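Data file: target-v5.txt. Format and content: compact mmCIF, C-alpha atoms.
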```
# COMPACT_ATOMS: atom_id res chain seq x y z
CA MET A 1 8.25 -14.92 11.99
CA ASN A 2 8.19 -18.59 11.02
CA GLN A 3 10.35 -18.64 7.89
CA ASP A 4 8.46 -21.66 6.51
CA LYS A 5 5.11 -19.85 6.64
CA LYS A 6 4.36 -17.12 4.14
CA PRO A 7 2.69 -14.00 5.54
CA TRP A 8 -0.78 -12.99 4.39
CA VAL A 9 0.32 -9.53 3.20
CA SER A 10 3.58 -7.98 2.03
CA PHE A 11 4.06 -4.23 2.42
CA CYS A 12 6.36 -3.32 -0.48
CA MET A 13 8.34 -0.12 -0.08
CA SER A 14 11.06 1.88 -1.78
CA THR A 15 12.95 4.53 0.17
CA PHE A 16 15.66 7.07 -0.60
CA ARG A 17 17.43 9.18 2.03
CA ARG A 18 14.38 10.03 4.16
CA PRO A 19 15.14 8.22 7.44
CA ASP A 20 12.70 10.22 9.58
CA PHE A 21 9.76 9.61 7.26
CA LEU A 22 10.78 5.96 6.89
CA LYS A 23 10.95 5.39 10.63
CA ASN A 24 7.51 6.89 11.22
CA THR A 25 5.87 4.87 8.42
CA LEU A 26 7.48 1.60 9.53
CA GLN A 27 6.23 2.20 13.06
CA THR A 28 2.66 2.77 11.82
CA ILE A 29 2.77 -0.52 9.92
CA LEU A 30 4.06 -2.36 12.97
CA ARG A 31 1.07 -1.09 14.97
CA GLN A 32 -1.35 -3.08 12.77
CA THR A 33 -4.02 -4.94 14.74
CA PHE A 34 -3.78 -7.79 12.20
CA THR A 35 -0.18 -8.95 12.45
CA ASP A 36 0.34 -11.57 9.72
CA PHE A 37 2.50 -9.47 7.41
CA GLU A 38 6.02 -8.68 6.25
CA ILE A 39 7.59 -5.37 5.23
CA VAL A 40 9.97 -5.43 2.27
CA VAL A 41 12.21 -2.35 2.26
CA SER A 42 14.08 -1.60 -0.96
CA ASP A 43 16.74 0.98 -0.05
CA ASN A 44 17.52 2.95 -3.19
CA ASP A 45 20.35 4.87 -1.55
CA PRO A 46 23.78 3.48 -2.57
CA ASP A 47 25.00 4.60 0.87
CA GLY A 48 22.38 2.46 2.62
CA SER A 49 20.90 5.26 4.75
CA ALA A 50 17.78 3.20 5.58
CA GLU A 51 19.69 0.34 7.18
CA PRO A 52 20.30 2.07 10.58
CA VAL A 53 16.55 2.81 10.81
CA VAL A 54 15.64 -0.84 10.20
CA ARG A 55 18.34 -2.03 12.58
CA GLU A 56 17.11 0.32 15.33
CA ILE A 57 13.51 -0.88 15.03
CA ASN A 58 14.72 -4.49 15.05
CA ASP A 59 11.54 -6.31 14.06
CA PRO A 60 11.87 -9.66 12.23
CA ARG A 61 8.92 -8.81 10.00
CA ILE A 62 11.01 -6.11 8.29
CA ARG A 63 13.14 -7.49 5.45
CA TYR A 64 15.78 -5.01 4.34
CA PHE A 65 17.41 -5.02 0.90
CA HIS A 66 20.09 -2.58 -0.22
CA ASN A 67 20.22 -1.62 -3.88
CA VAL A 68 23.90 -1.14 -4.65
CA ASP A 69 22.96 1.33 -7.39
CA ASN A 70 20.12 3.85 -7.41
CA LEU A 71 17.58 2.02 -9.61
CA GLY A 72 15.12 4.89 -9.81
CA MET A 73 11.80 4.98 -7.96
CA ILE A 74 9.77 2.61 -10.13
CA LYS A 75 12.42 -0.09 -10.58
CA SER A 76 13.11 0.01 -6.85
CA PHE A 77 9.41 -0.48 -6.08
CA ASN A 78 9.33 -3.41 -8.49
CA LYS A 79 12.36 -4.89 -6.76
CA SER A 80 10.43 -4.87 -3.50
CA ILE A 81 7.58 -6.77 -5.19
CA GLU A 82 10.05 -9.29 -6.61
CA ARG A 83 11.44 -9.87 -3.10
CA SER A 84 8.01 -10.25 -1.46
CA SER A 85 6.40 -13.58 -0.57
CA ALA A 86 2.75 -13.00 0.42
CA GLY A 87 -0.35 -13.54 -1.68
CA PHE A 88 -1.42 -9.92 -1.27
CA ILE A 89 0.57 -6.72 -1.71
CA VAL A 90 0.24 -3.24 -0.24
CA MET A 91 2.50 -0.79 -2.09
CA ILE A 92 3.60 1.93 0.28
CA THR A 93 5.82 4.98 0.06
CA ASP A 94 8.14 5.87 2.93
CA ASP A 95 6.20 9.04 3.80
CA ASP A 96 2.60 7.76 3.77
CA PRO A 97 1.73 6.22 7.16
CA VAL A 98 -1.17 3.80 7.47
CA TYR A 99 -3.73 3.50 10.25
CA PRO A 100 -3.66 0.57 12.71
CA ASP A 101 -6.84 -1.10 11.39
CA LEU A 102 -5.84 -1.11 7.69
CA LEU A 103 -5.06 -4.83 7.43
CA GLU A 104 -7.86 -5.86 9.76
CA THR A 105 -10.26 -3.96 7.51
CA PHE A 106 -8.85 -5.60 4.37
CA ARG A 107 -9.04 -9.04 5.97
CA ARG A 108 -12.71 -8.50 6.80
CA MET A 109 -13.45 -7.21 3.29
CA HIS A 110 -11.71 -10.21 1.75
CA GLU A 111 -13.71 -12.63 3.90
CA GLN A 112 -16.95 -10.92 2.91
CA TYR A 113 -16.04 -10.53 -0.78
CA PRO A 114 -13.48 -13.21 -1.72
CA GLY A 115 -11.94 -13.49 -5.15
CA TYR A 116 -11.50 -9.82 -6.05
CA GLY A 117 -8.19 -8.49 -7.31
CA MET A 118 -8.18 -5.25 -5.35
CA TYR A 119 -9.44 -4.06 -1.95
CA LEU A 120 -9.42 -0.27 -1.62
CA GLY A 121 -9.91 2.13 1.26
CA GLY A 122 -10.09 5.90 1.38
CA CYS A 123 -7.38 8.19 2.68
CA ASP A 124 -6.62 11.53 4.25
CA TRP A 125 -4.21 14.29 3.31
CA PHE A 126 -1.97 15.33 6.20
CA CYS A 127 -0.37 18.77 5.87
CA THR A 128 2.71 19.26 8.00
CA ALA A 129 2.97 23.08 8.11
CA PRO A 130 1.20 26.29 7.02
CA ALA A 131 3.65 26.78 4.15
CA VAL A 132 2.56 23.41 2.78
CA SER A 133 -1.16 23.72 3.50
CA ARG A 134 -1.30 27.05 1.66
CA LEU A 135 0.13 25.41 -1.44
CA TYR A 136 -2.82 23.02 -1.60
CA LYS A 137 -5.51 25.26 -0.06
CA LEU A 138 -5.89 22.78 2.79
CA LYS A 139 -5.71 23.13 6.54
CA VAL A 140 -2.74 22.14 8.68
CA GLY A 141 -3.30 18.60 9.94
CA THR A 142 -5.77 16.03 8.63
CA ASN A 143 -7.99 16.67 5.59
CA SER A 144 -10.45 13.94 4.59
CA CYS A 145 -10.56 12.53 1.06
CA LEU A 146 -13.61 10.34 1.64
CA SER A 147 -16.69 10.31 -0.58
CA ASP A 148 -19.66 12.46 0.41
CA ASP A 149 -21.96 10.16 -1.58
CA TYR A 150 -21.70 7.18 0.77
CA GLU A 151 -22.08 6.66 4.49
CA LEU A 152 -18.92 6.18 6.51
CA GLY A 153 -17.93 2.51 6.30
CA HIS A 154 -20.05 1.81 3.22
CA THR A 155 -18.56 -1.23 1.44
CA GLN A 156 -19.31 -2.27 -2.13
CA ALA A 157 -17.99 -4.68 -4.75
CA LEU A 158 -17.50 -3.45 -8.32
CA THR A 159 -16.62 -5.12 -11.59
CA GLY A 160 -13.57 -3.82 -13.41
CA THR A 161 -15.77 -1.83 -15.80
CA GLU A 162 -17.85 -0.34 -12.97
CA PHE A 163 -14.75 0.69 -11.05
CA LEU A 164 -12.98 2.26 -14.02
CA LYS A 165 -16.02 4.35 -14.93
CA MET A 166 -16.22 5.71 -11.39
CA PHE A 167 -12.44 5.98 -11.03
CA PHE A 168 -11.82 8.18 -14.06
CA THR A 169 -14.76 10.47 -13.24
CA PHE A 170 -13.98 10.86 -9.50
CA LYS A 171 -17.36 9.43 -8.54
CA LEU A 172 -15.80 7.19 -5.90
CA PHE A 173 -13.14 9.22 -4.07
CA PRO A 174 -11.77 12.70 -4.83
CA HIS A 175 -8.26 11.32 -4.32
CA TYR A 176 -6.69 7.85 -4.26
CA LEU A 177 -3.68 6.46 -2.42
CA TRP A 178 -2.12 3.13 -3.34
CA SER A 179 -0.90 2.76 0.24
CA THR A 180 -4.54 2.23 1.28
CA CYS A 181 -5.05 -0.48 -1.33
CA MET A 182 -4.37 -4.23 -1.17
CA VAL A 183 -3.96 -6.17 -4.43
CA SER A 184 -3.44 -9.74 -5.54
CA ARG A 185 0.28 -10.40 -5.99
CA GLU A 186 -0.50 -12.84 -8.81
CA ILE A 187 -2.46 -10.20 -10.74
CA LEU A 188 0.14 -7.53 -10.01
CA LEU A 189 2.93 -9.68 -11.44
CA LYS A 190 0.77 -10.70 -14.40
CA SER A 191 0.11 -7.04 -15.22
CA GLY A 192 3.80 -6.13 -15.12
CA GLY A 193 4.21 -4.71 -11.61
CA VAL A 194 4.34 -0.98 -10.92
CA PRO A 195 3.70 0.76 -14.28
CA ASP A 196 6.87 1.99 -15.96
CA TYR A 197 6.31 4.33 -18.91
CA GLY A 198 9.04 6.89 -18.34
CA THR A 199 7.74 8.85 -15.35
CA PRO A 200 6.21 8.19 -11.91
CA PHE A 201 3.55 10.85 -12.66
CA LEU A 202 0.10 9.19 -12.58
CA GLY A 203 1.78 5.82 -11.97
CA ASP A 204 -0.38 5.10 -8.93
CA TYR A 205 -3.51 5.75 -11.01
CA ALA A 206 -2.27 3.46 -13.77
CA TYR A 207 -1.54 0.83 -11.12
CA LEU A 208 -5.05 1.00 -9.61
CA GLY A 209 -6.82 1.11 -12.96
CA ILE A 210 -4.94 -1.82 -14.45
CA ILE A 211 -5.22 -4.08 -11.39
CA SER A 212 -8.96 -3.42 -11.05
CA SER A 213 -9.55 -4.42 -14.69
CA HIS A 214 -8.48 -8.02 -13.99
CA ALA A 215 -10.81 -9.04 -11.17
CA GLY A 216 -12.74 -6.02 -9.98
CA CYS A 217 -12.49 -4.04 -6.78
CA VAL A 218 -14.09 -3.90 -3.34
CA PHE A 219 -13.99 -0.44 -1.77
CA ILE A 220 -14.82 0.92 1.66
CA ASN A 221 -15.60 4.55 2.43
CA LYS A 222 -13.21 4.70 5.35
CA SER A 223 -9.79 6.31 5.76
CA LEU A 224 -7.10 3.67 6.15
CA GLY A 225 -4.02 5.88 5.88
CA CYS A 226 -2.82 9.29 4.84
CA GLN A 227 -0.62 11.01 2.31
CA THR A 228 1.84 13.34 3.99
CA MET A 229 1.99 16.69 2.21
CA HIS A 230 5.44 18.21 2.68
CA ILE A 231 8.09 20.18 0.84
CA GLN A 232 9.86 17.06 -0.44
CA ASN A 233 6.82 15.59 -2.25
CA PHE A 234 7.51 14.32 -5.76
CA GLY A 235 6.18 16.47 -8.58
CA ARG A 236 7.46 19.99 -8.02
CA ASN A 237 10.81 19.70 -9.77
CA GLN A 238 10.13 17.19 -12.55
CA ASN A 239 8.49 19.49 -15.10
CA GLU A 240 10.14 17.73 -18.04
CA GLN A 241 8.13 14.62 -17.18
CA ILE A 242 4.65 16.18 -17.31
CA ALA A 243 4.38 15.90 -21.11
CA ILE A 244 5.59 12.31 -20.86
CA ALA A 245 2.71 11.53 -18.51
CA ALA A 246 0.19 13.29 -20.78
CA LYS A 247 1.25 11.14 -23.71
CA ARG A 248 2.22 7.80 -22.23
CA PHE A 249 -0.19 7.33 -19.31
CA PRO A 250 -3.28 6.85 -21.52
CA GLU A 251 -1.29 4.76 -24.00
CA TYR A 252 0.03 2.47 -21.27
CA VAL A 253 -3.33 2.04 -19.57
CA GLU A 254 -5.05 1.28 -22.88
CA GLN A 255 -2.50 -1.46 -23.64
CA HIS A 256 -3.43 -3.19 -20.37
CA VAL A 257 -7.12 -2.37 -19.97
CA ALA A 258 -8.75 -2.22 -23.42
CA LYS A 259 -10.25 -5.69 -22.98
CA VAL A 260 -12.86 -4.49 -20.47
CA ASP A 261 -16.48 -3.89 -21.39
CA GLU A 262 -17.41 -0.36 -22.49
CA TRP A 263 -13.79 0.48 -23.27
CA PRO A 264 -14.59 3.25 -25.84
CA LEU A 265 -16.52 5.15 -23.13
CA ILE A 266 -13.86 4.49 -20.49
CA ARG A 267 -11.12 5.61 -22.87
CA GLU A 268 -12.91 8.92 -23.38
CA GLN A 269 -13.24 9.33 -19.60
CA MET A 270 -9.57 8.41 -19.11
CA ASN A 271 -8.39 10.93 -21.69
CA ARG A 272 -10.38 13.71 -20.06
CA PHE A 273 -9.11 12.65 -16.63
CA THR A 274 -5.52 12.80 -17.93
CA ALA A 275 -5.97 16.26 -19.43
CA ILE A 276 -7.66 17.66 -16.32
CA TRP A 277 -4.89 16.27 -14.13
CA VAL A 278 -2.20 17.85 -16.31
CA VAL A 279 -3.98 21.22 -16.39
CA SER A 280 -4.45 21.13 -12.61
CA HIS A 281 -0.83 20.21 -11.93
CA LEU A 282 0.53 22.85 -14.30
CA SER A 283 -1.79 25.44 -12.77
CA PHE A 284 -0.53 24.52 -9.31
CA LEU A 285 3.05 25.08 -10.45
CA TYR A 286 2.10 28.36 -12.16
CA PHE A 287 0.61 29.87 -8.99
CA TYR A 288 2.82 28.45 -6.29
CA MET A 289 6.24 27.93 -7.86
CA LYS A 290 6.80 31.48 -9.08
CA GLU A 291 10.54 30.95 -9.56
CA VAL A 292 9.93 28.24 -12.17
CA ASP A 293 9.85 29.21 -15.86
CA LEU A 294 6.97 27.10 -17.15
CA ARG A 295 7.02 28.28 -20.76
CA PRO A 296 9.10 25.36 -22.11
CA THR A 297 6.90 22.90 -20.21
CA GLU A 298 3.69 24.55 -21.41
CA LYS A 299 4.87 24.41 -25.01
CA GLU A 300 5.78 20.74 -24.75
CA VAL A 301 2.61 19.74 -22.91
CA PHE A 302 0.21 21.45 -25.30
CA SER A 303 1.95 19.93 -28.31
CA VAL A 304 0.61 16.55 -27.15
CA PRO A 305 -2.50 15.87 -29.29
CA LEU A 306 -4.63 14.95 -26.29
CA MET A 307 -3.86 18.28 -24.62
CA LYS A 308 -4.38 20.74 -27.49
CA LYS A 309 -8.06 21.41 -26.85
CA TYR A 310 -7.35 22.08 -23.16
CA ARG A 311 -4.98 24.99 -23.82
CA VAL A 312 -7.81 27.54 -23.43
CA LYS A 313 -8.89 25.96 -20.13
CA TYR A 314 -5.33 26.21 -18.84
CA PHE A 315 -5.06 29.85 -19.99
CA LEU A 316 -8.29 30.79 -18.21
CA LYS A 317 -7.38 28.84 -15.07
CA THR A 318 -4.01 30.59 -14.74
CA ARG A 319 -4.56 34.05 -16.27
CA ILE A 320 -8.27 34.71 -15.63
CA PRO A 321 -9.10 32.30 -12.77
CA PHE A 322 -12.32 34.06 -11.70
CA LEU A 323 -13.75 33.57 -15.21
CA HIS A 324 -12.63 29.94 -15.30
CA ASP A 325 -14.30 29.25 -11.94
CA ALA A 326 -17.51 30.96 -13.05
CA ILE A 327 -17.64 28.82 -16.19
CA VAL A 328 -17.07 25.63 -14.18
CA LYS A 329 -19.82 26.57 -11.71
CA GLY A 330 -22.17 27.36 -14.58
CA LYS A 331 -21.56 23.98 -16.21
CA LYS A 332 -22.23 22.19 -12.90
CA TRP A 333 -25.44 24.16 -12.42
CA PHE A 334 -26.75 23.30 -15.91
CA SER A 335 -25.76 19.62 -15.54
CA ASN A 336 -27.83 19.38 -12.37
```
What's the structure tokens form of this structure?
Amino acid sequence: MNQDKKPWVSFCMSTFRRPDFLKNTLQTILRQTFTDFEIVVSDNDPDGSAEPVVREINDPRIRYFHNVDNLGMIKSFNKSIERSSAGFIVMITDDDPVYPDLLETFRRMHEQYPGYGMYLGGCDWFCTAPAVSRLYKLKVGTNSCLSDDYELGHTQALTGTEFLKMFFTFKLFPHYLWSTCMVSREILLKSGGVPDYGTPFLGDYAYLGIISSHAGCVFINKSLGCQTMHIQNFGRNQNEQIAIAAKRFPEYVEQHVAKVDEWPLIREQMNRFTAIWVVSHLSFLYFYMKEVDLRPTEKEVFSVPLMKKYRVKYFLKTRIPFLHDAIVKGKKWFSN
């Protein structure tokens, strides 16, 4: 790479003691059909376990940085942004590979719709084994998270308000992945980088919501990468952080987004989104992590004012699931 020329995109990554995942994800990035990029690796392992992987691949587009101390996930991600040089950023975790046409697709979207702060593609879930797929009620292999409301490849530009209203009501995609999203580095820095409010829970959603509020979003109904579902995924052993997310996620987003049009409506949608996410995650732990005593977590979560009215929903979902599902189906039927 010509050191005097800045790349068009920086992939910003944090990694911690997962060399096999890291190697696979780096290789998927290097297979991009659009090649004007750099990869900034922030190694959060004091022992530098990622360095041999980078050295073995030996590509000048990979810039390796060793954090002498473990900074924590969010601070390490923000270090990678600080060390980047391109005008656009793709945040990427070490276990979420991207597809070869990701950057080529973003380049085309940017040429067609210049001036937006965020360019977003869809994603897949990739389950590695039956033990994992059963946890999520998915099949082994690739599971699509694209929208059924748009044709494959449908591309559309949205204002910040339009995006947020669809985002918090799941009317765009059923699931989002920041690794299939390209954002303006200027806007990302202006908004404070990767959101830091005490937990990584919902941090990717805060990131997408806040960035979109500055200069809108262009989305394409096409899978540009996948989230690998495996035993080491974050979220199964951090129960003490769930109440933190329930309280601080909506507070943090409101501090950064309240300037948009129709904020009172969006705030209501965001609060419901937060509560539904918490109930769903707790219910997942209740059914599939039988060895975990959730009672302290449940008590803490439902002491958060936002969550109090969702206690009954959580009780039905975990103790009488058939009744909960019947009520949900009934509400959908009446709304249609």
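Closest to A:Glu262 among A:Glu186, A:Glu162, A:Asp101, A:Asp293 is A:Glu162, based on all atoms listed in the file.
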>> Using Å and a single decimal, report how far atom CA of A:His175 sits from atom CA of A:Asp204.
In response: 11.0 Å
> Contacts of A:Leu282 at 12 Å or less, counting all atoms listed in the file, minus same-chain residues fewer than 4 places along, as a ChimeraX atom specification?
Replying inline: /A:235-243,246,275-278,286-290,292-302,310-311,313-315,317-318
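Candidate residues A:Gly122, A:Gly193, A:Pro19, A:Gly72 were compared for distance to A:Thr105, and the nearest is A:Gly122, using all atoms listed in the file.
From atom CA of A:Lys171 back to atom CA of A:Trp263, the distance works out to 17.6 Å.
Between atom CA of A:Val98 and atom CA of A:Phe284 lies a distance of 26.7 Å.
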> A:Thr28: which residues within 8 Å, counting all atoms listed in the file, same-chain residues fewer than 2 positions away excluded, as number ranges by chain?
Replying inline: A: 24-26, 30-32, 97-100
Which residues come within 10 Å of A:Asp45, counting only C-alpha atoms, excluding same-chain residues fewer than 6 positions away, as a PDB file with C-alpha atoms, keeping the file's coordinate frame?
```pdb
ATOM      1  CA  SER A  14      11.060   1.880  -1.780  1.00  0.00           C
ATOM      2  CA  THR A  15      12.950   4.530   0.170  1.00  0.00           C
ATOM      3  CA  PHE A  16      15.660   7.070  -0.600  1.00  0.00           C
ATOM      4  CA  ARG A  17      17.430   9.180   2.030  1.00  0.00           C
ATOM      5  CA  ARG A  18      14.380  10.030   4.160  1.00  0.00           C
ATOM      6  CA  GLU A  51      19.690   0.340   7.180  1.00  0.00           C
ATOM      7  CA  HIS A  66      20.090  -2.580  -0.220  1.00  0.00           C
ATOM      8  CA  ASN A  67      20.220  -1.620  -3.880  1.00  0.00           C
ATOM      9  CA  VAL A  68      23.900  -1.140  -4.650  1.00  0.00           C
ATOM     10  CA  ASP A  69      22.960   1.330  -7.390  1.00  0.00           C
ATOM     11  CA  ASN A  70      20.120   3.850  -7.410  1.00  0.00           C
ATOM     12  CA  LEU A  71      17.580   2.020  -9.610  1.00  0.00           C
ATOM     13  CA  GLY A  72      15.120   4.890  -9.810  1.00  0.00           C
TER      14      GLY A  72
END
```
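Of the listed residues (A:Gln269, A:Ser84, A:Thr228, A:Ser223), A:Gln269 comes nearest to A:Met166; the distances count all atoms listed in the file.
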>> I'd like the neighbourhood of A:Asp36 as an NGL selection string, where a residue qualifies if any of its atoms comes within 12 Å (using only C-alpha atoms), though same-chain residues fewer than 4 positions away should be ignored.
In response: :A and (1-2 or 5-11 or 29-32 or 60-61 or 86-88 or 103-104 or 107)
> If we count all atoms listed in the file, what is near A:Leu189 at a cut-off of 12 Å, once residues fewer than 3 positions away on the same chain are taken out, given as a PyMOL selection string?
Replying inline: chain A and resi 78-84+87-89+117+183-186+192-195+207+210-211+214
>> Counting all atoms listed in the file, which residue out of A:Ser283, A:Thr35, A:Thr274, A:Ser179 sits closest to A:Met13?
In response: A:Ser179
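Between A:Val218 and the residues A:Leu135, A:Ala258, A:Val41, A:Ala157, the shortest atom-to-atom distance, using all atoms listed in the file, involves A:Ala157.
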>> Could you check which residues have any atom within 9 Å of (-1.3, 23.1, -1.6), counting only C-alpha atoms with coordinates taken straight from the file, and then list them as a list in words?
In response: Cys127, Ala131, Val132, Ser133, Arg134, Leu135, Tyr136, Lys137, Leu138, Met229, Phe284 and Tyr288 of chain A
Output the selection as an mmCIF file, in the coordinates of the input - C-alpha atoms for each residue.
```cif
data_model
loop_
_atom_site.group_PDB
_atom_site.id
_atom_site.type_symbol
_atom_site.label_atom_id
_atom_site.label_comp_id
_atom_site.auth_asym_id
_atom_site.auth_seq_id
_atom_site.Cartn_x
_atom_site.Cartn_y
_atom_site.Cartn_z
ATOM 1 C CA CYS A 127 -0.370 18.770 5.870
ATOM 2 C CA ALA A 131 3.650 26.780 4.150
ATOM 3 C CA VAL A 132 2.560 23.410 2.780
ATOM 4 C CA SER A 133 -1.160 23.720 3.500
ATOM 5 C CA ARG A 134 -1.300 27.050 1.660
ATOM 6 C CA LEU A 135 0.130 25.410 -1.440
ATOM 7 C CA TYR A 136 -2.820 23.020 -1.600
ATOM 8 C CA LYS A 137 -5.510 25.260 -0.060
ATOM 9 C CA LEU A 138 -5.890 22.780 2.790
ATOM 10 C CA MET A 229 1.990 16.690 2.210
ATOM 11 C CA PHE A 284 -0.530 24.520 -9.310
ATOM 12 C CA TYR A 288 2.820 28.450 -6.290
#
```
> Which residues, protein or nucleic acid, reach to within 12 Å of (-4.0, 18.0, 10.7) in the file's coordinates when using only C-alpha atoms, and can you give that as an MDAnalysis selection string?
Replying inline: chainID A and resid 124:130 132:133 138:144 226:229
Selection to disk with C-alpha atoms, as a compact mmCIF listing (two decimals), keeping the file's coordinate frame:
```
# COMPACT_ATOMS: atom_id res chain seq x y z
CA ASP A 124 -6.62 11.53 4.25
CA TRP A 125 -4.21 14.29 3.31
CA PHE A 126 -1.97 15.33 6.20
CA CYS A 127 -0.37 18.77 5.87
CA THR A 128 2.71 19.26 8.00
CA ALA A 129 2.97 23.08 8.11
CA PRO A 130 1.20 26.29 7.02
CA VAL A 132 2.56 23.41 2.78
CA SER A 133 -1.16 23.72 3.50
CA LEU A 138 -5.89 22.78 2.79
CA LYS A 139 -5.71 23.13 6.54
CA VAL A 140 -2.74 22.14 8.68
CA GLY A 141 -3.30 18.60 9.94
CA THR A 142 -5.77 16.03 8.63
CA ASN A 143 -7.99 16.67 5.59
CA SER A 144 -10.45 13.94 4.59
CA CYS A 226 -2.82 9.29 4.84
CA GLN A 227 -0.62 11.01 2.31
CA THR A 228 1.84 13.34 3.99
CA MET A 229 1.99 16.69 2.21
```
